[in-house]
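Student: So I've got this file, start_23.csv, and it contains CSV, N, CA and C atoms:
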```
chain,number,residue,atom,x,y,z
Z,49,LYS,N,-14.7,2.7,-6.9
Z,49,LYS,CA,-15.2,1.5,-6.3
Z,49,LYS,C,-14.2,0.4,-6.6
Z,50,SER,N,-13.2,0.6,-7.5
Z,50,SER,CA,-12.2,-0.4,-7.7
Z,50,SER,C,-11.1,-0.3,-6.8
Z,51,PRO,N,-10.7,-1.4,-6.1
Z,51,PRO,CA,-9.6,-1.3,-5.2
Z,51,PRO,C,-8.2,-1.2,-5.9
Z,52,LEU,N,-7.2,-0.6,-5.2
Z,52,LEU,CA,-5.9,-0.6,-5.6
Z,52,LEU,C,-5.3,-2.0,-5.3
Z,53,LYS,N,-4.6,-2.5,-6.3
Z,53,LYS,CA,-3.9,-3.8,-6.0
Z,53,LYS,C,-2.4,-3.4,-5.8
Z,54,CYS,N,-1.9,-3.7,-4.6
Z,54,CYS,CA,-0.5,-3.4,-4.3
Z,54,CYS,C,0.3,-4.7,-4.2
Z,55,VAL,N,1.4,-4.8,-4.9
Z,55,VAL,CA,2.2,-6.0,-4.9
Z,55,VAL,C,3.6,-5.5,-4.4
Z,56,PHE,N,4.0,-6.0,-3.2
Z,56,PHE,CA,5.2,-5.6,-2.6
Z,56,PHE,C,6.2,-6.8,-2.8
Z,57,SER,N,7.2,-6.6,-3.6
Z,57,SER,CA,8.2,-7.7,-3.8
Z,57,SER,C,9.6,-7.2,-3.4
Z,58,GLU,N,10.6,-8.0,-3.7
Z,58,GLU,CA,12.0,-7.8,-3.2
Z,58,GLU,C,12.5,-6.4,-3.5
Z,59,ASN,N,12.4,-5.9,-4.7
Z,59,ASN,CA,13.1,-4.6,-5.0
Z,59,ASN,C,12.1,-3.5,-5.4
Z,60,GLU,N,10.8,-3.8,-5.6
Z,60,GLU,CA,9.9,-2.8,-6.0
Z,60,GLU,C,8.5,-3.1,-5.5
Z,61,ALA,N,7.7,-2.0,-5.5
Z,61,ALA,CA,6.3,-2.1,-5.2
Z,61,ALA,C,5.5,-1.7,-6.5
Z,62,GLN,N,4.5,-2.5,-6.8
Z,62,GLN,CA,3.7,-2.2,-8.0
Z,62,GLN,C,2.3,-1.9,-7.5
Z,63,ILE,N,1.7,-0.8,-8.0
Z,63,ILE,CA,0.3,-0.4,-7.6
Z,63,ILE,C,-0.4,-0.3,-8.9
Z,64,SER,N,-1.6,-1.0,-9.0
Z,64,SER,CA,-2.4,-1.0,-10.2
Z,64,SER,C,-3.9,-0.9,-9.8
Z,65,CYS,N,-4.7,-0.4,-10.8
Z,65,CYS,CA,-6.1,-0.3,-10.6
Z,65,CYS,C,-6.8,-0.3,-12.0
Z,66,SER,N,-7.8,-1.1,-12.1
Z,66,SER,CA,-8.6,-1.2,-13.3
Z,66,SER,C,-10.0,-0.7,-13.1
Z,67,THR,N,-10.5,0.2,-13.9
Z,67,THR,CA,-11.9,0.6,-13.9
Z,67,THR,C,-12.5,0.6,-15.3
Z,68,THR,N,-13.7,0.9,-15.4
Z,68,THR,CA,-14.4,1.0,-16.7
Z,68,THR,C,-13.7,2.0,-17.6
Z,69,MET,N,-13.1,3.0,-17.0
Z,69,MET,CA,-12.4,4.1,-17.7
Z,69,MET,C,-11.0,3.7,-18.2
Z,70,GLY,N,-10.4,2.7,-17.6
Z,70,GLY,CA,-9.1,2.3,-18.0
Z,70,GLY,C,-8.3,1.6,-16.9
Z,71,LYS,N,-7.0,1.5,-17.2
Z,71,LYS,CA,-6.1,0.8,-16.2
Z,71,LYS,C,-4.9,1.6,-16.0
Z,72,VAL,N,-4.4,1.6,-14.8
Z,72,VAL,CA,-3.1,2.3,-14.5
Z,72,VAL,C,-2.2,1.4,-13.7
Z,73,VAL,N,-0.9,1.5,-14.0
Z,73,VAL,CA,0.1,0.7,-13.2
Z,73,VAL,C,1.2,1.6,-12.9
Z,74,ASP,N,1.7,1.6,-11.7
Z,74,ASP,CA,2.9,2.4,-11.3
Z,74,ASP,C,3.8,1.5,-10.5
Z,75,GLN,N,5.1,1.7,-10.6
Z,75,GLN,CA,6.1,1.0,-9.8
Z,75,GLN,C,7.1,2.0,-9.2
Z,76,PHE,N,7.6,1.6,-8.1
Z,76,PHE,CA,8.6,2.4,-7.4
Z,76,PHE,C,9.5,1.5,-6.6
Z,77,PRO,N,10.8,1.9,-6.4
Z,77,PRO,CA,11.7,1.0,-5.6
Z,77,PRO,C,11.4,1.0,-4.1
Z,78,VAL,N,11.6,-0.2,-3.5
Z,78,VAL,CA,11.4,-0.4,-2.1
Z,78,VAL,C,12.6,-1.3,-1.6
Z,79,ALA,N,12.8,-1.2,-0.3
Z,79,ALA,CA,13.7,-2.1,0.4
Z,79,ALA,C,12.8,-3.0,1.2
Z,80,LEU,N,12.6,-4.2,0.8
Z,80,LEU,CA,11.7,-5.2,1.5
Z,80,LEU,C,12.5,-6.3,2.2
Z,81,THR,N,12.0,-6.5,3.4
Z,81,THR,CA,12.5,-7.7,4.1
Z,81,THR,C,11.3,-8.6,4.3
Z,82,GLY,N,11.4,-9.8,4.0
Z,82,GLY,CA,10.3,-10.8,4.1
Z,82,GLY,C,9.9,-11.2,2.7
Z,83,GLU,N,8.7,-11.8,2.7
Z,83,GLU,CA,8.2,-12.4,1.5
Z,83,GLU,C,7.3,-11.5,0.7
Z,84,ARG,N,7.1,-11.8,-0.6
Z,84,ARG,CA,6.2,-11.0,-1.4
Z,84,ARG,C,4.8,-11.0,-0.9
Z,85,VAL,N,4.1,-9.8,-0.9
Z,85,VAL,CA,2.8,-9.7,-0.4
Z,85,VAL,C,1.9,-9.0,-1.5
Z,86,VAL,N,0.7,-9.5,-1.7
Z,86,VAL,CA,-0.3,-8.8,-2.6
Z,86,VAL,C,-1.5,-8.4,-1.8
Z,87,MET,N,-1.8,-7.1,-1.8
Z,87,MET,CA,-2.9,-6.6,-1.0
Z,87,MET,C,-3.8,-5.7,-1.8
Z,88,GLY,N,-5.0,-5.5,-1.3
Z,88,GLY,CA,-5.9,-4.5,-1.9
Z,88,GLY,C,-6.3,-3.5,-0.9
Z,89,PHE,N,-6.4,-2.2,-1.4
Z,89,PHE,CA,-6.8,-1.1,-0.6
Z,89,PHE,C,-7.8,-0.2,-1.2
Z,90,ASN,N,-8.6,0.5,-0.4
Z,90,ASN,CA,-9.4,1.6,-0.9
Z,90,ASN,C,-8.5,2.7,-1.1
Z,91,HIS,N,-8.4,3.3,-2.3
Z,91,HIS,CA,-7.5,4.3,-2.6
Z,91,HIS,C,-7.6,5.6,-1.8
Z,92,LEU,N,-8.8,5.9,-1.4
Z,92,LEU,CA,-9.0,7.1,-0.6
Z,92,LEU,C,-8.3,7.0,0.8
Z,93,TYR,N,-8.5,5.8,1.4
Z,93,TYR,CA,-7.9,5.6,2.8
Z,93,TYR,C,-6.4,5.6,2.7
Z,94,LEU,N,-5.8,4.9,1.7
Z,94,LEU,CA,-4.4,4.9,1.6
Z,94,LEU,C,-3.8,6.3,1.3
Z,95,GLN,N,-4.5,7.0,0.4
Z,95,GLN,CA,-4.1,8.3,0.0
Z,95,GLN,C,-4.1,9.3,1.2
Z,96,GLU,N,-5.2,9.2,2.0
Z,96,GLU,CA,-5.3,10.1,3.2
Z,96,GLU,C,-4.2,9.8,4.2
Z,97,ALA,N,-3.8,8.6,4.4
Z,97,ALA,CA,-2.8,8.3,5.4
Z,97,ALA,C,-1.4,8.8,4.9
Z,98,LEU,N,-1.1,8.5,3.6
Z,98,LEU,CA,0.2,9.0,3.1
Z,98,LEU,C,0.3,10.5,3.0
Z,99,ARG,N,-0.8,11.2,2.6
Z,99,ARG,CA,-0.7,12.6,2.6
Z,99,ARG,C,-0.5,13.2,4.0
Z,100,ALA,N,-1.1,12.6,5.0
Z,100,ALA,CA,-1.0,13.1,6.4
Z,100,ALA,C,0.4,12.9,7.0
Z,101,THR,N,1.2,12.1,6.4
Z,101,THR,CA,2.6,11.9,6.9
Z,101,THR,C,3.5,13.1,6.7
Z,102,GLU,N,3.2,13.9,5.6
Z,102,GLU,CA,4.0,15.0,5.3
Z,102,GLU,C,5.5,14.7,5.2
Z,103,SER,N,5.8,13.5,4.7
Z,103,SER,CA,7.1,13.0,4.6
Z,103,SER,C,7.3,12.4,3.2
Z,104,ASP,N,8.6,12.4,2.7
Z,104,ASP,CA,8.9,11.8,1.4
Z,104,ASP,C,9.1,10.3,1.5
Z,105,GLU,N,9.5,9.8,2.6
Z,105,GLU,CA,9.8,8.4,2.8
Z,105,GLU,C,9.1,7.9,4.1
Z,106,VAL,N,8.5,6.7,4.1
Z,106,VAL,CA,7.9,6.2,5.2
Z,106,VAL,C,8.3,4.7,5.3
Z,107,LYS,N,8.1,4.1,6.5
Z,107,LYS,CA,8.3,2.7,6.7
Z,107,LYS,C,6.9,2.1,6.8
Z,108,ILE,N,6.8,1.0,6.0
Z,108,ILE,CA,5.5,0.3,6.0
Z,108,ILE,C,5.7,-1.1,6.5
Z,109,LYS,N,4.9,-1.5,7.4
Z,109,LYS,CA,4.9,-2.9,8.0
Z,109,LYS,C,3.7,-3.6,7.5
Z,110,LEU,N,3.9,-4.8,7.0
Z,110,LEU,CA,2.9,-5.7,6.5
Z,110,LEU,C,3.0,-7.0,7.2
Z,111,ASN,N,1.8,-7.6,7.4
Z,111,ASN,CA,1.8,-8.9,8.1
Z,111,ASN,C,0.9,-9.9,7.4
Z,112,GLY,N,0.7,-9.7,6.1
Z,112,GLY,CA,-0.2,-10.6,5.3
Z,112,GLY,C,-1.2,-9.8,4.6
Z,113,PRO,N,-1.8,-10.5,3.6
Z,113,PRO,CA,-2.8,-9.8,2.7
Z,113,PRO,C,-4.1,-9.3,3.3
Z,114,LEU,N,-4.4,-9.8,4.5
Z,114,LEU,CA,-5.7,-9.4,5.1
Z,114,LEU,C,-5.4,-8.7,6.5
Z,115,SER,N,-4.2,-8.4,6.8
Z,115,SER,CA,-3.9,-7.6,8.0
Z,115,SER,C,-3.6,-6.2,7.7
Z,116,PRO,N,-3.9,-5.3,8.6
Z,116,PRO,CA,-3.7,-3.8,8.3
Z,116,PRO,C,-2.3,-3.5,7.9
Z,117,MET,N,-2.2,-2.5,7.1
Z,117,MET,CA,-0.9,-1.9,6.7
Z,117,MET,C,-0.6,-0.9,7.8
Z,118,VAL,N,0.6,-0.9,8.4
Z,118,VAL,CA,1.1,0.0,9.4
Z,118,VAL,C,2.1,1.0,8.7
Z,119,ILE,N,1.8,2.3,8.7
Z,119,ILE,CA,2.6,3.3,8.1
Z,119,ILE,C,3.2,4.1,9.3
Z,120,LEU,N,4.6,4.1,9.3
Z,120,LEU,CA,5.4,4.8,10.3
Z,120,LEU,C,6.4,5.7,9.7
Z,121,PRO,N,6.9,6.7,10.4
Z,121,PRO,CA,8.0,7.5,9.9
Z,121,PRO,C,9.2,6.6,9.7
Z,122,LYS,N,10.1,7.0,8.7
Z,122,LYS,CA,11.3,6.2,8.5
Z,122,LYS,C,12.2,6.2,9.7
Z,123,GLU,N,12.2,7.3,10.4
Z,123,GLU,CA,12.9,7.4,11.7
Z,123,GLU,C,12.0,8.2,12.7
Z,124,GLY,N,12.0,7.8,14.0
Z,124,GLY,CA,11.3,8.6,15.0
Z,124,GLY,C,9.9,8.0,15.2
Z,125,GLU,N,9.1,8.7,15.9
Z,125,GLU,CA,7.7,8.2,16.2
Z,125,GLU,C,6.7,9.3,16.1
Z,126,GLU,N,6.8,10.2,15.1
Z,126,GLU,CA,5.8,11.3,14.9
Z,126,GLU,C,4.4,10.9,14.6
Z,127,PHE,N,4.2,9.7,14.0
Z,127,PHE,CA,2.9,9.3,13.6
Z,127,PHE,C,2.8,7.8,13.4
Z,128,LEU,N,1.6,7.3,13.4
Z,128,LEU,CA,1.3,5.8,13.1
Z,128,LEU,C,0.0,5.8,12.5
Z,129,PHE,N,-0.1,5.2,11.3
Z,129,PHE,CA,-1.4,5.0,10.6
Z,129,PHE,C,-1.6,3.6,10.3
Z,130,LEU,N,-2.9,3.1,10.5
Z,130,LEU,CA,-3.3,1.8,10.1
Z,130,LEU,C,-4.3,2.0,8.9
Z,131,VAL,N,-4.0,1.2,7.8
Z,131,VAL,CA,-4.9,1.2,6.7
Z,131,VAL,C,-5.4,-0.2,6.5
Z,132,LEU,N,-6.7,-0.4,6.6
Z,132,LEU,CA,-7.3,-1.7,6.5
Z,132,LEU,C,-7.3,-2.1,5.0
Z,133,PRO,N,-7.0,-3.4,4.7
Z,133,PRO,CA,-7.0,-3.9,3.3
Z,133,PRO,C,-8.5,-4.3,2.9
Z,134,VAL,N,-8.7,-4.5,1.6
Z,134,VAL,CA,-9.9,-5.0,1.1
Z,134,VAL,C,-9.5,-6.3,0.4
Z,135,ARG,N,-10.5,-7.2,0.3
Z,135,ARG,CA,-10.2,-8.5,-0.4
Z,135,ARG,C,-10.2,-8.2,-1.9
Z,136,LEU,N,-9.3,-8.8,-2.6
Z,136,LEU,CA,-9.2,-8.7,-4.0
Z,136,LEU,C,-9.9,-9.9,-4.6
Z,137,ARG,N,-10.6,-9.7,-5.8
Z,137,ARG,CA,-11.2,-10.9,-6.5
Z,137,ARG,C,-10.1,-11.7,-7.1
Z,138,ASN,N,-10.3,-13.0,-7.2
Z,138,ASN,CA,-9.3,-13.9,-7.8
Z,138,ASN,C,-9.2,-13.5,-9.3
Z,139,GLU,N,-8.0,-13.5,-9.8
Z,139,GLU,CA,-7.8,-13.1,-11.2
Z,139,GLU,C,-7.4,-14.3,-12.0
Z,140,GLY,N,-7.5,-15.5,-11.5
Z,140,GLY,CA,-7.1,-16.7,-12.3
Z,140,GLY,C,-8.3,-17.6,-12.4
```
As structure tokens, please, write out the structure in this file.
Tutor:
Amino acid sequence: KSPLKCVFSENEAQISCSTTMGKVVDQFPVALTGERVVMGFNHLYLQEALRATESDEVKIKLNGPLSPMVILPKEGEEFLFLVLPVRLRNEG
């Protein structure tokens, strides 16, 4: 029931989640054009879209924290997935 918090910044993406069982944080390199974006997602929907790509690298288009994430192939037009975000609670 806890959403994934995704922070997309200049050189890396950070994905984190906190539950009653604990907290996890993972980071990986990205090539970002544009401004930093913080979004929340249901982990099942994001996982389903990424698994269905059957690709090691994808292109992700973001248009703001409450707009859908668009997942495309790095090259070509084999697939297009939309993943709707969820609102994150204020942490401050």
Student: Ranking Z:Ser57, Z:Ala100, Z:Leu132, Z:Thr68 by minimum distance to Z:Leu80 and counting only N, CA and C atoms, which one comes first?
Tutor: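 Smallest distance to Z:Leu80 is found for Z:Ser57.
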Student: For Z:Ser66, which of Z:Pro121, Z:Leu52, Z:Asn111, Z:Asn138 is the closest residue, counting only N, CA and C atoms?
Tutor: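 Nearest to Z:Ser66: Z:Leu52.
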Student: Could you go through chain Z and tell me which residues DSSP, when run on the backbone, assigns to alpha helix (DSSP H), listing them as a PyMOL selection string?
Tutor: chain Z and resi 91-101
Student: Got time to write the residues from that selection, N, CA and C atoms, as a compact mmCIF listing (two decimals), in the coordinates of the input?
Tutor:
```txt
# COMPACT_ATOMS: atom_id res chain seq x y z
N HIS Z 91 -8.40 3.30 -2.30
CA HIS Z 91 -7.50 4.30 -2.60
C HIS Z 91 -7.60 5.60 -1.80
N LEU Z 92 -8.80 5.90 -1.40
CA LEU Z 92 -9.00 7.10 -0.60
C LEU Z 92 -8.30 7.00 0.80
N TYR Z 93 -8.50 5.80 1.40
CA TYR Z 93 -7.90 5.60 2.80
C TYR Z 93 -6.40 5.60 2.70
N LEU Z 94 -5.80 4.90 1.70
CA LEU Z 94 -4.40 4.90 1.60
C LEU Z 94 -3.80 6.30 1.30
N GLN Z 95 -4.50 7.00 0.40
CA GLN Z 95 -4.10 8.30 0.00
C GLN Z 95 -4.10 9.30 1.20
N GLU Z 96 -5.20 9.20 2.00
CA GLU Z 96 -5.30 10.10 3.20
C GLU Z 96 -4.20 9.80 4.20
N ALA Z 97 -3.80 8.60 4.40
CA ALA Z 97 -2.80 8.30 5.40
C ALA Z 97 -1.40 8.80 4.90
N LEU Z 98 -1.10 8.50 3.60
CA LEU Z 98 0.20 9.00 3.10
C LEU Z 98 0.30 10.50 3.00
N ARG Z 99 -0.80 11.20 2.60
CA ARG Z 99 -0.70 12.60 2.60
C ARG Z 99 -0.50 13.20 4.00
N ALA Z 100 -1.10 12.60 5.00
CA ALA Z 100 -1.00 13.10 6.40
C ALA Z 100 0.40 12.90 7.00
N THR Z 101 1.20 12.10 6.40
CA THR Z 101 2.60 11.90 6.90
C THR Z 101 3.50 13.10 6.70
```
Student: Near Z:Gln75, counting only C-alpha atoms, which residues have an atom at most 9 Å away, once you skip same-chain residues fewer than 5 positions from it, shown as a PDB file with N, CA and C atoms, keeping the file's coordinate frame?
Tutor:
```pdb
ATOM      1  N   GLU Z  60      10.800  -3.800  -5.600  1.00  0.00           N
ATOM      2  CA  GLU Z  60       9.900  -2.800  -6.000  1.00  0.00           C
ATOM      3  C   GLU Z  60       8.500  -3.100  -5.500  1.00  0.00           C
ATOM      4  N   ALA Z  61       7.700  -2.000  -5.500  1.00  0.00           N
ATOM      5  CA  ALA Z  61       6.300  -2.100  -5.200  1.00  0.00           C
ATOM      6  C   ALA Z  61       5.500  -1.700  -6.500  1.00  0.00           C
ATOM      7  N   GLN Z  62       4.500  -2.500  -6.800  1.00  0.00           N
ATOM      8  CA  GLN Z  62       3.700  -2.200  -8.000  1.00  0.00           C
ATOM      9  C   GLN Z  62       2.300  -1.900  -7.500  1.00  0.00           C
ATOM     10  N   ILE Z  63       1.700  -0.800  -8.000  1.00  0.00           N
ATOM     11  CA  ILE Z  63       0.300  -0.400  -7.600  1.00  0.00           C
ATOM     12  C   ILE Z  63      -0.400  -0.300  -8.900  1.00  0.00           C
ATOM     13  N   SER Z  64      -1.600  -1.000  -9.000  1.00  0.00           N
ATOM     14  CA  SER Z  64      -2.400  -1.000 -10.200  1.00  0.00           C
ATOM     15  C   SER Z  64      -3.900  -0.900  -9.800  1.00  0.00           C
TER      16      SER Z  64
END
```
Student: Compare Z:Ser103, Z:Thr81, Z:Thr67, Z:Ser115 by their minimum atom-to-atom distance to Z:Val134, counting all atoms listed in the file, and give me the closest one.
Tutor: Z:Ser115
Student: Using only N, CA and C atoms, can you tell me which of Z:Pro116, Z:Cys54, Z:Phe127, Z:Lys109 comes closest to Z:Phe89?
Tutor: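 Answer, going by the shortest atom-to-atom distance: Z:Cys54.
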Student: Measuring between only C-alpha atoms, which one of Z:Glu105, Z:Met87, Z:Val73, Z:Arg99 shows the shortest distance to Z:Phe129?
Tutor: Z:Arg99
Student: Atom CA of Z:Asp74 to atom CA of Z:Glu125: how many Å, to one decimal?
Tutor: 28.5 Å
Student: Ranking Z:Pro77, Z:Val72, Z:Pro133, Z:Leu94 by minimum distance to Z:Pro113 and counting all atoms listed in the file, which one comes first?
Tutor: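 Of all the options, Z:Pro133 lies closest to Z:Pro113.
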Student: Z:Ile108: which residues within 7 Å, counting only C-alpha atoms, same-chain residues fewer than 6 positions away excluded, as a list in words?
Tutor: Met117, Val118, Ile119 and Leu120 of chain Z
